[in-house]
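run.cif follows; it contains mmCIF, N, CA, C and O atoms.
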```cif
data_run
#
loop_
_atom_site.label_atom_id
_atom_site.label_comp_id
_atom_site.auth_asym_id
_atom_site.auth_seq_id
_atom_site.Cartn_x
_atom_site.Cartn_y
_atom_site.Cartn_z
N MET A 1 -6.68 -15.00 -35.18
CA MET A 1 -6.68 -15.57 -33.86
C MET A 1 -8.11 -15.62 -33.36
O MET A 1 -8.83 -14.64 -33.38
N THR A 2 -8.50 -16.78 -32.89
CA THR A 2 -9.85 -16.91 -32.36
C THR A 2 -9.80 -16.94 -30.84
O THR A 2 -8.82 -17.35 -30.24
N HIS A 3 -10.86 -16.50 -30.26
CA HIS A 3 -10.97 -16.48 -28.80
C HIS A 3 -11.98 -17.52 -28.36
O HIS A 3 -13.07 -17.62 -28.93
N SER A 4 -11.60 -18.26 -27.36
CA SER A 4 -12.52 -19.25 -26.82
C SER A 4 -12.28 -19.40 -25.33
O SER A 4 -11.37 -18.81 -24.78
N MET A 5 -13.08 -20.19 -24.71
CA MET A 5 -12.92 -20.42 -23.28
C MET A 5 -11.76 -21.36 -23.03
O MET A 5 -11.51 -22.28 -23.80
N ARG A 6 -11.07 -21.10 -21.91
CA ARG A 6 -9.99 -21.99 -21.52
C ARG A 6 -10.58 -23.28 -20.97
O ARG A 6 -11.51 -23.27 -20.19
N THR A 7 -10.01 -24.38 -21.38
CA THR A 7 -10.49 -25.67 -20.90
C THR A 7 -9.49 -26.36 -19.99
O THR A 7 -9.75 -27.44 -19.49
N ASP A 8 -8.33 -25.74 -19.77
CA ASP A 8 -7.30 -26.39 -18.96
C ASP A 8 -7.40 -26.06 -17.48
O ASP A 8 -6.59 -26.51 -16.69
N THR A 9 -8.36 -25.27 -17.08
CA THR A 9 -8.53 -24.94 -15.66
C THR A 9 -9.71 -25.71 -15.11
O THR A 9 -10.62 -26.09 -15.84
N HIS A 10 -9.69 -25.93 -13.81
CA HIS A 10 -10.81 -26.64 -13.20
C HIS A 10 -11.70 -25.65 -12.47
O HIS A 10 -11.26 -24.63 -12.00
N THR A 11 -12.94 -26.01 -12.38
CA THR A 11 -13.89 -25.17 -11.67
C THR A 11 -13.86 -25.53 -10.20
O THR A 11 -13.48 -26.64 -9.83
N PRO A 12 -14.26 -24.61 -9.33
CA PRO A 12 -14.29 -24.93 -7.90
C PRO A 12 -15.24 -26.10 -7.63
O PRO A 12 -16.25 -26.28 -8.31
N TYR A 13 -14.90 -26.85 -6.63
CA TYR A 13 -15.73 -27.99 -6.28
C TYR A 13 -17.03 -27.51 -5.65
O TYR A 13 -17.03 -26.70 -4.75
N LEU A 14 -18.12 -28.03 -6.12
CA LEU A 14 -19.42 -27.62 -5.61
C LEU A 14 -19.78 -28.35 -4.33
O LEU A 14 -20.59 -27.87 -3.54
N ASP A 15 -19.20 -29.51 -4.09
CA ASP A 15 -19.54 -30.28 -2.89
C ASP A 15 -18.69 -29.91 -1.69
O ASP A 15 -18.85 -30.46 -0.61
N GLY A 16 -17.77 -28.95 -1.82
CA GLY A 16 -16.98 -28.48 -0.69
C GLY A 16 -15.68 -29.22 -0.48
O GLY A 16 -14.90 -28.86 0.39
N HIS A 17 -15.41 -30.26 -1.22
CA HIS A 17 -14.15 -30.99 -1.05
C HIS A 17 -13.04 -30.30 -1.82
O HIS A 17 -13.12 -30.12 -3.02
N ARG A 18 -12.02 -29.92 -1.08
CA ARG A 18 -10.86 -29.28 -1.71
C ARG A 18 -9.62 -30.00 -1.23
O ARG A 18 -9.54 -30.44 -0.09
N ASP A 19 -8.64 -30.05 -2.07
CA ASP A 19 -7.38 -30.64 -1.63
C ASP A 19 -6.48 -29.54 -1.09
O ASP A 19 -6.83 -28.37 -1.07
N TRP A 20 -5.30 -29.91 -0.62
CA TRP A 20 -4.40 -28.96 0.02
C TRP A 20 -3.90 -27.90 -0.93
O TRP A 20 -3.60 -26.79 -0.53
N ARG A 21 -3.83 -28.20 -2.22
CA ARG A 21 -3.37 -27.20 -3.20
C ARG A 21 -4.37 -26.06 -3.34
O ARG A 21 -3.99 -24.90 -3.46
N ASP A 22 -5.64 -26.40 -3.35
CA ASP A 22 -6.66 -25.35 -3.45
C ASP A 22 -6.63 -24.45 -2.22
O ASP A 22 -6.73 -23.22 -2.32
N THR A 23 -6.46 -25.05 -1.04
CA THR A 23 -6.40 -24.27 0.18
C THR A 23 -5.14 -23.40 0.21
O THR A 23 -5.19 -22.23 0.58
N ALA A 24 -4.01 -23.95 -0.19
CA ALA A 24 -2.76 -23.19 -0.22
C ALA A 24 -2.83 -22.05 -1.22
O ALA A 24 -2.36 -20.94 -0.95
N THR A 25 -3.44 -22.29 -2.35
CA THR A 25 -3.58 -21.24 -3.36
C THR A 25 -4.47 -20.12 -2.84
O THR A 25 -4.19 -18.94 -3.05
N ARG A 26 -5.51 -20.49 -2.12
CA ARG A 26 -6.44 -19.48 -1.62
C ARG A 26 -5.82 -18.59 -0.54
O ARG A 26 -6.09 -17.40 -0.48
N TYR A 27 -4.98 -19.16 0.31
CA TYR A 27 -4.45 -18.42 1.45
C TYR A 27 -2.96 -18.09 1.32
O TYR A 27 -2.34 -17.67 2.30
N ALA A 28 -2.39 -18.20 0.14
CA ALA A 28 -0.95 -17.98 -0.03
C ALA A 28 -0.54 -16.54 0.25
O ALA A 28 0.55 -16.29 0.77
N LEU A 29 -1.37 -15.58 -0.08
CA LEU A 29 -1.00 -14.18 0.09
C LEU A 29 -1.44 -13.56 1.41
O LEU A 29 -1.18 -12.39 1.65
N VAL A 30 -2.04 -14.34 2.28
CA VAL A 30 -2.49 -13.80 3.57
C VAL A 30 -1.32 -13.28 4.40
O VAL A 30 -1.41 -12.17 4.95
N PRO A 31 -0.20 -14.00 4.54
CA PRO A 31 0.91 -13.45 5.32
C PRO A 31 1.44 -12.13 4.76
O PRO A 31 1.76 -11.21 5.51
N LEU A 32 1.50 -12.01 3.46
CA LEU A 32 1.96 -10.77 2.84
C LEU A 32 0.98 -9.63 3.11
O LEU A 32 1.40 -8.51 3.44
N ARG A 33 -0.30 -9.91 3.02
CA ARG A 33 -1.30 -8.87 3.28
C ARG A 33 -1.27 -8.42 4.73
O ARG A 33 -1.40 -7.23 5.03
N VAL A 34 -1.08 -9.35 5.66
CA VAL A 34 -0.99 -8.99 7.08
C VAL A 34 0.26 -8.15 7.32
O VAL A 34 0.21 -7.13 8.01
N PHE A 35 1.39 -8.57 6.76
CA PHE A 35 2.64 -7.83 6.93
C PHE A 35 2.51 -6.41 6.39
O PHE A 35 2.88 -5.44 7.06
N LEU A 36 1.98 -6.26 5.19
CA LEU A 36 1.85 -4.92 4.61
C LEU A 36 0.83 -4.07 5.38
O LEU A 36 1.04 -2.86 5.56
N GLY A 37 -0.24 -4.68 5.86
CA GLY A 37 -1.21 -3.94 6.65
C GLY A 37 -0.61 -3.40 7.94
O GLY A 37 -0.78 -2.23 8.28
N VAL A 38 0.13 -4.25 8.64
CA VAL A 38 0.78 -3.82 9.88
C VAL A 38 1.82 -2.74 9.59
O VAL A 38 1.94 -1.76 10.33
N THR A 39 2.57 -2.90 8.51
CA THR A 39 3.60 -1.92 8.16
C THR A 39 2.99 -0.56 7.85
O THR A 39 3.49 0.48 8.32
N PHE A 40 1.90 -0.52 7.09
CA PHE A 40 1.27 0.75 6.75
C PHE A 40 0.65 1.40 7.99
O PHE A 40 0.75 2.62 8.17
N VAL A 41 0.02 0.62 8.86
CA VAL A 41 -0.56 1.19 10.08
C VAL A 41 0.54 1.74 10.97
O VAL A 41 0.42 2.84 11.53
N TYR A 42 1.64 1.00 11.11
CA TYR A 42 2.76 1.47 11.93
C TYR A 42 3.33 2.78 11.38
O TYR A 42 3.59 3.72 12.13
N ALA A 43 3.53 2.84 10.06
CA ALA A 43 4.09 4.05 9.45
C ALA A 43 3.16 5.24 9.63
O ALA A 43 3.61 6.36 9.91
N GLY A 44 1.85 5.04 9.47
CA GLY A 44 0.90 6.12 9.66
C GLY A 44 0.87 6.63 11.09
O GLY A 44 0.88 7.84 11.34
N LEU A 45 0.87 5.70 12.06
CA LEU A 45 0.87 6.10 13.46
C LEU A 45 2.18 6.77 13.85
O LEU A 45 2.20 7.70 14.66
N ASP A 46 3.28 6.30 13.27
CA ASP A 46 4.58 6.91 13.55
C ASP A 46 4.62 8.36 13.08
O ASP A 46 5.15 9.23 13.76
N LYS A 47 4.04 8.63 11.92
CA LYS A 47 3.99 10.00 11.41
C LYS A 47 3.10 10.88 12.29
O LYS A 47 3.43 12.03 12.58
N LEU A 48 1.97 10.35 12.72
CA LEU A 48 1.04 11.14 13.53
C LEU A 48 1.57 11.43 14.92
O LEU A 48 1.25 12.46 15.51
N THR A 49 2.37 10.54 15.47
CA THR A 49 2.87 10.73 16.83
C THR A 49 4.24 11.38 16.90
O THR A 49 4.71 11.70 17.99
N SER A 50 4.88 11.59 15.77
CA SER A 50 6.20 12.22 15.76
C SER A 50 6.06 13.73 15.98
O SER A 50 5.27 14.40 15.31
N SER A 51 6.85 14.25 16.89
CA SER A 51 6.76 15.68 17.18
C SER A 51 7.45 16.53 16.13
O SER A 51 7.13 17.70 15.95
N SER A 52 8.39 15.97 15.41
CA SER A 52 9.14 16.77 14.44
C SER A 52 8.67 16.57 13.00
O SER A 52 8.96 17.39 12.14
N PHE A 53 7.93 15.50 12.71
CA PHE A 53 7.57 15.20 11.32
C PHE A 53 6.58 16.20 10.74
O PHE A 53 6.70 16.62 9.60
N MET A 54 5.58 16.60 11.50
CA MET A 54 4.51 17.45 10.99
C MET A 54 4.83 18.94 11.05
O MET A 54 3.96 19.75 11.31
N LYS A 55 6.05 19.29 10.78
CA LYS A 55 6.44 20.70 10.77
C LYS A 55 6.88 21.11 9.38
O LYS A 55 7.24 20.29 8.55
N SER A 56 6.84 22.41 9.12
CA SER A 56 7.23 22.93 7.82
C SER A 56 8.75 22.97 7.64
O SER A 56 9.23 22.95 6.51
N SER A 57 9.47 23.08 8.72
CA SER A 57 10.94 23.14 8.63
C SER A 57 11.54 22.50 9.86
O SER A 57 10.87 22.29 10.86
N GLY A 58 12.80 22.18 9.77
CA GLY A 58 13.51 21.55 10.87
C GLY A 58 13.96 20.15 10.50
O GLY A 58 13.49 19.56 9.52
N ALA A 59 14.86 19.63 11.30
CA ALA A 59 15.40 18.30 11.03
C ALA A 59 14.32 17.24 11.16
O ALA A 59 13.58 17.21 12.14
N GLY A 60 14.20 16.39 10.18
CA GLY A 60 13.22 15.31 10.20
C GLY A 60 11.81 15.72 9.84
O GLY A 60 10.89 14.90 9.92
N SER A 61 11.60 16.95 9.42
CA SER A 61 10.24 17.39 9.11
C SER A 61 9.87 17.04 7.67
O SER A 61 10.72 16.81 6.82
N ILE A 62 8.58 17.00 7.41
CA ILE A 62 8.08 16.72 6.07
C ILE A 62 8.48 17.82 5.10
O ILE A 62 8.79 17.55 3.94
N GLY A 63 8.52 19.05 5.57
CA GLY A 63 8.90 20.17 4.71
C GLY A 63 10.35 20.07 4.24
O GLY A 63 10.64 20.25 3.05
N GLU A 64 11.25 19.75 5.15
CA GLU A 64 12.67 19.60 4.76
C GLU A 64 12.87 18.41 3.85
O GLU A 64 13.68 18.45 2.92
N THR A 65 12.15 17.33 4.11
CA THR A 65 12.27 16.15 3.26
C THR A 65 11.82 16.46 1.84
O THR A 65 12.48 16.08 0.87
N MET A 66 10.71 17.18 1.70
CA MET A 66 10.22 17.52 0.35
C MET A 66 11.15 18.50 -0.35
O MET A 66 11.34 18.41 -1.56
N ARG A 67 11.72 19.44 0.39
CA ARG A 67 12.68 20.36 -0.24
C ARG A 67 13.92 19.63 -0.71
O ARG A 67 14.50 19.96 -1.74
N ALA A 68 14.34 18.60 0.03
CA ALA A 68 15.54 17.84 -0.34
C ALA A 68 15.33 17.00 -1.59
O ALA A 68 16.27 16.81 -2.37
N VAL A 69 14.13 16.51 -1.81
CA VAL A 69 13.89 15.63 -2.96
C VAL A 69 13.24 16.34 -4.13
O VAL A 69 13.00 15.72 -5.16
N ARG A 70 12.98 17.62 -4.01
CA ARG A 70 12.26 18.34 -5.06
C ARG A 70 12.95 18.28 -6.40
O ARG A 70 12.33 18.01 -7.42
N ASP A 71 14.25 18.49 -6.45
CA ASP A 71 14.96 18.53 -7.73
C ASP A 71 15.13 17.15 -8.36
O ASP A 71 15.31 17.05 -9.58
N SER A 72 15.07 16.10 -7.58
CA SER A 72 15.24 14.76 -8.14
C SER A 72 13.92 14.01 -8.30
O SER A 72 13.91 12.85 -8.67
N SER A 73 12.81 14.68 -8.02
CA SER A 73 11.52 14.00 -8.12
C SER A 73 11.07 13.89 -9.58
O SER A 73 11.52 14.64 -10.44
N ALA A 74 10.18 12.95 -9.82
CA ALA A 74 9.67 12.74 -11.18
C ALA A 74 8.79 13.90 -11.63
O ALA A 74 8.82 14.29 -12.80
N ILE A 75 7.99 14.45 -10.72
CA ILE A 75 7.09 15.55 -11.05
C ILE A 75 7.30 16.64 -10.00
O ILE A 75 6.59 16.69 -8.98
N PRO A 76 8.26 17.54 -10.22
CA PRO A 76 8.53 18.59 -9.22
C PRO A 76 7.34 19.52 -8.95
O PRO A 76 7.24 20.07 -7.86
N ALA A 77 6.44 19.65 -9.91
CA ALA A 77 5.28 20.51 -9.70
C ALA A 77 4.39 19.98 -8.57
O ALA A 77 3.80 20.77 -7.83
N LEU A 78 4.30 18.67 -8.44
CA LEU A 78 3.51 18.11 -7.34
C LEU A 78 4.17 18.37 -6.00
O LEU A 78 3.50 18.62 -5.00
N VAL A 79 5.50 18.32 -5.96
CA VAL A 79 6.22 18.62 -4.72
C VAL A 79 6.03 20.09 -4.38
O VAL A 79 5.83 20.45 -3.22
N ASP A 80 6.10 20.96 -5.39
CA ASP A 80 5.85 22.38 -5.15
C ASP A 80 4.45 22.62 -4.60
O ASP A 80 4.25 23.45 -3.70
N PHE A 81 3.47 21.89 -5.12
CA PHE A 81 2.10 22.01 -4.63
C PHE A 81 2.02 21.57 -3.16
O PHE A 81 1.36 22.21 -2.35
N ALA A 82 2.69 20.48 -2.83
CA ALA A 82 2.68 19.99 -1.44
C ALA A 82 3.45 20.92 -0.51
O ALA A 82 3.14 21.01 0.68
N LEU A 83 4.44 21.62 -1.04
CA LEU A 83 5.22 22.54 -0.21
C LEU A 83 4.45 23.80 0.17
O LEU A 83 4.90 24.56 1.03
N LYS A 84 3.29 24.04 -0.43
CA LYS A 84 2.47 25.18 -0.03
C LYS A 84 1.95 25.01 1.40
O LYS A 84 1.76 25.99 2.11
N ASN A 85 1.72 23.76 1.80
CA ASN A 85 1.27 23.47 3.16
C ASN A 85 1.79 22.09 3.56
O ASN A 85 1.04 21.11 3.52
N PRO A 86 3.06 21.98 3.95
CA PRO A 86 3.64 20.66 4.27
C PRO A 86 2.92 19.90 5.38
O PRO A 86 2.75 18.68 5.26
N PRO A 87 2.49 20.54 6.48
CA PRO A 87 1.79 19.74 7.51
C PRO A 87 0.49 19.11 7.00
O PRO A 87 0.18 17.98 7.34
N ALA A 88 -0.25 19.81 6.16
CA ALA A 88 -1.48 19.23 5.61
C ALA A 88 -1.17 18.03 4.74
O ALA A 88 -1.86 17.00 4.78
N PHE A 89 -0.11 18.12 3.94
CA PHE A 89 0.32 16.99 3.12
C PHE A 89 0.77 15.83 4.00
O PHE A 89 0.47 14.67 3.71
N GLY A 90 1.46 16.14 5.09
CA GLY A 90 1.90 15.09 6.02
C GLY A 90 0.73 14.38 6.66
O GLY A 90 0.74 13.15 6.80
N TYR A 91 -0.29 15.13 7.08
CA TYR A 91 -1.48 14.51 7.66
C TYR A 91 -2.22 13.67 6.62
O TYR A 91 -2.70 12.58 6.92
N ALA A 92 -2.31 14.17 5.39
CA ALA A 92 -2.98 13.41 4.33
C ALA A 92 -2.22 12.10 4.07
O ALA A 92 -2.83 11.04 3.88
N MET A 93 -0.90 12.16 4.08
CA MET A 93 -0.10 10.97 3.85
C MET A 93 -0.27 9.99 5.01
O MET A 93 -0.43 8.78 4.80
N ALA A 94 -0.27 10.47 6.25
CA ALA A 94 -0.41 9.60 7.42
C ALA A 94 -1.79 8.93 7.45
O ALA A 94 -1.90 7.72 7.67
N PHE A 95 -2.85 9.71 7.19
CA PHE A 95 -4.19 9.13 7.21
C PHE A 95 -4.39 8.19 6.01
O PHE A 95 -5.12 7.20 6.10
N GLY A 96 -3.73 8.47 4.89
CA GLY A 96 -3.78 7.56 3.74
C GLY A 96 -3.12 6.23 4.07
O GLY A 96 -3.63 5.15 3.69
N GLU A 97 -2.00 6.26 4.78
CA GLU A 97 -1.34 5.02 5.19
C GLU A 97 -2.21 4.23 6.16
O GLU A 97 -2.28 3.00 6.08
N LEU A 98 -2.87 4.92 7.06
CA LEU A 98 -3.78 4.22 7.98
C LEU A 98 -4.95 3.58 7.23
O LEU A 98 -5.35 2.46 7.53
N ALA A 99 -5.48 4.29 6.24
CA ALA A 99 -6.60 3.76 5.47
C ALA A 99 -6.19 2.54 4.64
O ALA A 99 -6.92 1.55 4.55
N VAL A 100 -5.00 2.59 4.07
CA VAL A 100 -4.51 1.45 3.28
C VAL A 100 -4.21 0.26 4.18
O VAL A 100 -4.48 -0.89 3.84
N GLY A 101 -3.64 0.56 5.35
CA GLY A 101 -3.30 -0.52 6.30
C GLY A 101 -4.53 -1.21 6.79
O GLY A 101 -4.59 -2.39 6.99
#
```

I'd like the structure from this file rewritten - as structure tokens, please.
Amino acid sequence: MTHSMRTDTHTPYLDGHRDWRDTATRYALVPLRVFLGVTFVYAGLDKLTSSSFMKSSGAGSIGETMRAVRDSSAIPALVDFALKNPPAFGYAMAFGELAVG
């Protein structure tokens, strides 16, 4: 098998003229990126402002959620590590969602 350059694609126009397909291709994923960004920011702010989420125990807390999923998780050792300090893990998760958003 030999490797060569593809000749079936076109190069961008140097004079600035683009048709509607080029524009649609360029901006097709913008609505998805905006939706996911808003969703991640909302989820991060919801975690930070929830009075019950950032606790080690209790209904709706990060600690109870991790204890509930520990046995069915793919890597229980990571859940055990996070259970050493559930509020710190909750803050890390919330700030990570804000950063991704």

Can you report as lines of an AutoDock Vina configuration file the centre and edge lengths in Å, to one decimal, of an axis-aligned box around the listed atoms of stretch 94-98 of chain A padded with 5 Å on each side?
```
center_x = -2.8
center_y = 6.5
center_z = 5.8
size_x = 15.1
size_y = 18.0
size_z = 14.3
```

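We find atom C of A:Asp71 and atom O of A:Gly96 to be spaced 25.3 Å apart.
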
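Atom C of A:Met54 is found 4.7 Å from atom CA of A:Pro87.
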
**Request:** From a DSSP pass on the backbone, collect the residues of chain A flagged as alpha helix (DSSP H) and hand them back as a VMD selection string.
**Result:** chain A and resid 20 to 27 30 to 49 62 to 69 76 to 82 86 to 100

**Request:** Using only C-alpha atoms, find the one residue out of A:Leu45, A:Val69, A:Ala59, A:Phe35 that sits nearest to A:Tyr91.
**Result:** A:Leu45

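Atom CA of A:Gly90 lies 11.0 Å from atom CA of A:Ser50.
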
**Message:** Running the PyMOL selection byres ((chain A and resi 56) around 8) on this model by hand, what would come out? Give it as JSON, numbers by chain.
**Reply:** {"A": [52, 53, 54, 55, 57, 58, 59, 61, 62, 63, 64, 65, 66, 67, 83, 85, 86, 87]}

**Residue neighbourhood A:Ala43, 6 Å, only N, CA, C and O atoms, exclusion window fewer than 5 positions, as a VMD selection string** = chain A and resid 38 48 94

Residues as selected, N, CA, C and O atoms, written as a PDB file, in the coordinates of the input, can you do that?
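Result file follows (result_10.pdb):
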```
ATOM      1  N   VAL A  38       0.130  -4.250   8.640  1.00  0.00           N
ATOM      2  CA  VAL A  38       0.780  -3.820   9.880  1.00  0.00           C
ATOM      3  C   VAL A  38       1.820  -2.740   9.590  1.00  0.00           C
ATOM      4  O   VAL A  38       1.940  -1.760  10.330  1.00  0.00           O
ATOM      5  N   LEU A  48       1.970  10.350  12.720  1.00  0.00           N
ATOM      6  CA  LEU A  48       1.040  11.140  13.530  1.00  0.00           C
ATOM      7  C   LEU A  48       1.570  11.430  14.920  1.00  0.00           C
ATOM      8  O   LEU A  48       1.250  12.460  15.510  1.00  0.00           O
ATOM      9  N   ALA A  94      -0.270  10.470   6.250  1.00  0.00           N
ATOM     10  CA  ALA A  94      -0.410   9.600   7.420  1.00  0.00           C
ATOM     11  C   ALA A  94      -1.790   8.930   7.450  1.00  0.00           C
ATOM     12  O   ALA A  94      -1.900   7.720   7.670  1.00  0.00           O
TER      13      ALA A  94
END
```

Is there a way to complete stretch 23-33 of chain A with all heavy atoms and then write that out as a PDB file, in the coordinates of the input?
```
ATOM      1  N   THR A  23      -6.460 -25.050  -1.040  1.00  0.00           N
ATOM      2  CA  THR A  23      -6.400 -24.270   0.180  1.00  0.00           C
ATOM      3  C   THR A  23      -5.140 -23.400   0.210  1.00  0.00           C
ATOM      4  O   THR A  23      -5.190 -22.230   0.580  1.00  0.00           O
ATOM      5  CB  THR A  23      -6.409 -25.203   1.410  1.00  0.00           C
ATOM      6  OG1 THR A  23      -7.577 -26.026   1.345  1.00  0.00           O
ATOM      7  CG2 THR A  23      -6.423 -24.401   2.696  1.00  0.00           C
ATOM      8  N   ALA A  24      -4.010 -23.950  -0.190  1.00  0.00           N
ATOM      9  CA  ALA A  24      -2.760 -23.190  -0.220  1.00  0.00           C
ATOM     10  C   ALA A  24      -2.830 -22.050  -1.220  1.00  0.00           C
ATOM     11  O   ALA A  24      -2.360 -20.940  -0.950  1.00  0.00           O
ATOM     12  CB  ALA A  24      -1.589 -24.110  -0.556  1.00  0.00           C
ATOM     13  N   THR A  25      -3.440 -22.290  -2.350  1.00  0.00           N
ATOM     14  CA  THR A  25      -3.580 -21.240  -3.360  1.00  0.00           C
ATOM     15  C   THR A  25      -4.470 -20.120  -2.840  1.00  0.00           C
ATOM     16  O   THR A  25      -4.190 -18.940  -3.050  1.00  0.00           O
ATOM     17  CB  THR A  25      -4.182 -21.818  -4.648  1.00  0.00           C
ATOM     18  OG1 THR A  25      -3.334 -22.850  -5.122  1.00  0.00           O
ATOM     19  CG2 THR A  25      -4.327 -20.751  -5.709  1.00  0.00           C
ATOM     20  N   ARG A  26      -5.510 -20.490  -2.120  1.00  0.00           N
ATOM     21  CA  ARG A  26      -6.440 -19.480  -1.620  1.00  0.00           C
ATOM     22  C   ARG A  26      -5.820 -18.590  -0.540  1.00  0.00           C
ATOM     23  O   ARG A  26      -6.090 -17.400  -0.480  1.00  0.00           O
ATOM     24  CB  ARG A  26      -7.668 -20.184  -1.059  1.00  0.00           C
ATOM     25  CG  ARG A  26      -8.720 -19.243  -0.610  1.00  0.00           C
ATOM     26  CD  ARG A  26      -9.937 -19.995  -0.146  1.00  0.00           C
ATOM     27  NE  ARG A  26     -11.004 -19.036   0.044  1.00  0.00           N
ATOM     28  CZ  ARG A  26     -12.246 -19.256  -0.230  1.00  0.00           C
ATOM     29  NH1 ARG A  26     -12.618 -20.414  -0.695  1.00  0.00           N
ATOM     30  NH2 ARG A  26     -13.137 -18.334  -0.028  1.00  0.00           N
ATOM     31  N   TYR A  27      -4.980 -19.160   0.310  1.00  0.00           N
ATOM     32  CA  TYR A  27      -4.450 -18.420   1.450  1.00  0.00           C
ATOM     33  C   TYR A  27      -2.960 -18.090   1.320  1.00  0.00           C
ATOM     34  O   TYR A  27      -2.340 -17.670   2.300  1.00  0.00           O
ATOM     35  CB  TYR A  27      -4.679 -19.210   2.733  1.00  0.00           C
ATOM     36  CG  TYR A  27      -6.139 -19.382   3.035  1.00  0.00           C
ATOM     37  CD1 TYR A  27      -6.757 -20.610   2.882  1.00  0.00           C
ATOM     38  CD2 TYR A  27      -6.895 -18.301   3.455  1.00  0.00           C
ATOM     39  CE1 TYR A  27      -8.106 -20.757   3.158  1.00  0.00           C
ATOM     40  CE2 TYR A  27      -8.245 -18.436   3.726  1.00  0.00           C
ATOM     41  CZ  TYR A  27      -8.843 -19.674   3.570  1.00  0.00           C
ATOM     42  OH  TYR A  27     -10.167 -19.817   3.832  1.00  0.00           O
ATOM     43  N   ALA A  28      -2.390 -18.200   0.140  1.00  0.00           N
ATOM     44  CA  ALA A  28      -0.950 -17.980  -0.030  1.00  0.00           C
ATOM     45  C   ALA A  28      -0.540 -16.540   0.250  1.00  0.00           C
ATOM     46  O   ALA A  28       0.550 -16.290   0.770  1.00  0.00           O
ATOM     47  CB  ALA A  28      -0.523 -18.388  -1.436  1.00  0.00           C
ATOM     48  N   LEU A  29      -1.370 -15.580  -0.080  1.00  0.00           N
ATOM     49  CA  LEU A  29      -1.000 -14.180   0.090  1.00  0.00           C
ATOM     50  C   LEU A  29      -1.440 -13.560   1.410  1.00  0.00           C
ATOM     51  O   LEU A  29      -1.180 -12.390   1.650  1.00  0.00           O
ATOM     52  CB  LEU A  29      -1.574 -13.359  -1.075  1.00  0.00           C
ATOM     53  CG  LEU A  29      -0.982 -13.677  -2.446  1.00  0.00           C
ATOM     54  CD1 LEU A  29      -1.658 -12.835  -3.513  1.00  0.00           C
ATOM     55  CD2 LEU A  29       0.506 -13.464  -2.454  1.00  0.00           C
ATOM     56  N   VAL A  30      -2.040 -14.340   2.280  1.00  0.00           N
ATOM     57  CA  VAL A  30      -2.490 -13.800   3.570  1.00  0.00           C
ATOM     58  C   VAL A  30      -1.320 -13.280   4.400  1.00  0.00           C
ATOM     59  O   VAL A  30      -1.410 -12.170   4.950  1.00  0.00           O
ATOM     60  CB  VAL A  30      -3.331 -14.848   4.327  1.00  0.00           C
ATOM     61  CG1 VAL A  30      -3.578 -14.425   5.768  1.00  0.00           C
ATOM     62  CG2 VAL A  30      -4.642 -15.079   3.614  1.00  0.00           C
ATOM     63  N   PRO A  31      -0.200 -14.000   4.540  1.00  0.00           N
ATOM     64  CA  PRO A  31       0.910 -13.450   5.320  1.00  0.00           C
ATOM     65  C   PRO A  31       1.440 -12.130   4.760  1.00  0.00           C
ATOM     66  O   PRO A  31       1.760 -11.210   5.510  1.00  0.00           O
ATOM     67  CB  PRO A  31       1.991 -14.528   5.265  1.00  0.00           C
ATOM     68  CG  PRO A  31       1.265 -15.777   4.951  1.00  0.00           C
ATOM     69  CD  PRO A  31       0.086 -15.375   4.113  1.00  0.00           C
ATOM     70  N   LEU A  32       1.500 -12.010   3.460  1.00  0.00           N
ATOM     71  CA  LEU A  32       1.960 -10.770   2.840  1.00  0.00           C
ATOM     72  C   LEU A  32       0.980  -9.630   3.110  1.00  0.00           C
ATOM     73  O   LEU A  32       1.400  -8.510   3.440  1.00  0.00           O
ATOM     74  CB  LEU A  32       2.150 -10.955   1.334  1.00  0.00           C
ATOM     75  CG  LEU A  32       2.583  -9.718   0.554  1.00  0.00           C
ATOM     76  CD1 LEU A  32       3.973  -9.269   1.009  1.00  0.00           C
ATOM     77  CD2 LEU A  32       2.578 -10.006  -0.929  1.00  0.00           C
ATOM     78  N   ARG A  33      -0.300  -9.910   3.020  1.00  0.00           N
ATOM     79  CA  ARG A  33      -1.300  -8.870   3.280  1.00  0.00           C
ATOM     80  C   ARG A  33      -1.270  -8.420   4.730  1.00  0.00           C
ATOM     81  O   ARG A  33      -1.400  -7.230   5.030  1.00  0.00           O
ATOM     82  CB  ARG A  33      -2.685  -9.379   2.903  1.00  0.00           C
ATOM     83  CG  ARG A  33      -2.834  -9.597   1.403  1.00  0.00           C
ATOM     84  CD  ARG A  33      -4.208 -10.040   1.059  1.00  0.00           C
ATOM     85  NE  ARG A  33      -5.109  -8.893   1.219  1.00  0.00           N
ATOM     86  CZ  ARG A  33      -6.370  -8.920   0.880  1.00  0.00           C
ATOM     87  NH1 ARG A  33      -6.901 -10.002   0.383  1.00  0.00           N
ATOM     88  NH2 ARG A  33      -7.120  -7.845   1.042  1.00  0.00           N
TER      89      ARG A  33
END
```
